[in-house]
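Here's the structure we're looking at; comments come further down.
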Amino acid sequence: PVNCGTIEVYYYENIAPIMEAYCIDCHSGLFPPKGLLLDNYLSVREVKFDILDRTTRNIDDEGFMPPQSNTLSDVELANIQRFYDLKCIE
C-alpha cells in the first residue's frame, strides 16, 4: 500500500495520457457510453478493474477497448496494470 497522493500522481503521469489518447473522445461529456466517464482521476479510479479487463482482452473479443485501435503498447498496458495493483493507505 502507498499514500493515496502517490497513486493520484501516478495517474496523472501515466494513466491520464492513455485516457486522453484513447478514451476521452467517447467517454466524456454529458452522455458518455453507458454513463462511463473516463476524463478524471476519481472516475477512472472507480472503474480501474473494468479498464484493465477491457484493454487486455483479445482484439476480437466483445467489449475490447479501445475499439478504434489495435491493442495498447506493452508499456501502456503495464501502466494500467500497475495502477490497478496500487492500493491506497487512507
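The chains in the C-alpha cells are called A, B, ... from first to last as shown; in each chain the residues are counted from 1, and the ligands are counted from 1 in the order shown.
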Next item on the list: Once DSSP has gone over the backbone, tell me which residues of chain A are in helix (DSSP H, G or I), as a ChimeraX atom specification.
Entry: /A:4-22,33-35,41-46,48-55,74-85
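With distances restricted to only C-alpha atoms, A:Asp85 is the closest residue to Phe49 of chain A from A:Leu37, A:Gly5, A:Asp85, A:Tyr10.
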Notebook entry, point to check: Closest to Gln68 of chain A among A:Arg54, A:Gln81, A:Tyr22, A:Glu13, using only C-alpha atoms?
Noted result: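 Among the listed residues, the smallest separation from Gln68 of chain A belongs to A:Tyr22.
Excluding Asp50 of chain A and any residue on its chain fewer than 2 positions from it, the residues at most 12 Å away by only C-alpha atoms are Leu36, Leu38, Ser43, Val44, Arg45, Glu46, Val47, Lys48, Leu52, Asp53, Arg54, Thr55, Thr56, Arg57, Gly63, Phe64, Met65, Ile80, Gln81 and Tyr84 of chain A.
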Pull C-alpha atoms from the residues just selected and write them as a compact mmCIF listing (two decimals), in the first residue's frame.
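Final output, saved to out-v4.txt:
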```txt
# COMPACT_ATOMS: atom_id res chain seq x y z
CA LEU A 36 -18.88 5.82 -18.12
CA LEU A 38 -13.01 8.47 -18.07
CA SER A 43 -13.94 8.29 -12.25
CA VAL A 44 -11.06 6.23 -13.59
CA ARG A 45 -10.11 5.01 -10.12
CA GLU A 46 -13.66 3.72 -9.60
CA VAL A 47 -13.56 1.56 -12.74
CA LYS A 48 -9.89 0.60 -12.90
CA LEU A 52 -7.80 -3.35 -17.15
CA ASP A 53 -10.28 -6.02 -18.25
CA ARG A 54 -11.33 -4.25 -21.45
CA THR A 55 -7.83 -3.29 -22.57
CA THR A 56 -6.34 -6.76 -22.02
CA ARG A 57 -8.99 -8.74 -23.90
CA GLY A 63 -16.02 -5.31 -25.37
CA PHE A 64 -12.37 -4.92 -26.35
CA MET A 65 -11.20 -1.36 -25.88
CA ILE A 80 -2.71 0.25 -16.39
CA GLN A 81 -1.83 -2.98 -14.56
CA TYR A 84 -4.87 -1.35 -10.84
```
Check: Got a sec: who's within 9 Å of Tyr11 of chain A, counting only C-alpha atoms, leaving out chain neighbours fewer than 5 positions off, as a PyMOL selection string?
Finding: chain A and resi 6+16-17+41+44-45+83
Check: Which residue gives the smallest distance to Ile18 of chain A among A:Cys4, A:Lys34, A:Asp60, A:Ser73, with only C-alpha atoms counted?
Finding: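 Closest to Ile18 of chain A of all the choices is A:Ser73.
With only C-alpha atoms as the basis for measurement, A:Leu42 is the residue among A:Lys87, A:Thr71, A:Gly35, A:Leu42 that approaches Tyr12 of chain A most closely.
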Margin query: Taking only chain A into account, list the residues labelled strand (DSSP E) by DSSP (computed from the backbone), as a PyMOL selection string.
Written below: chain A and resi 2-3+88-89
Checklist line | Residue contacts of Asp39 of chain A (7 Å, only C-alpha atoms) excluding same-chain residues fewer than 2 positions away, as a list of chain:residue names | finding: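 The contact residues come out as A:Ile24, A:His27, A:Ser28, A:Leu37.
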Note to self: As an exercise, work out the distance from atom CA of Pro32 of chain A to atom CA of Met19 of chain A in Å and give it to one decimal place.
What the structure shows: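 Here the two named atoms are 13.7 Å from each other.
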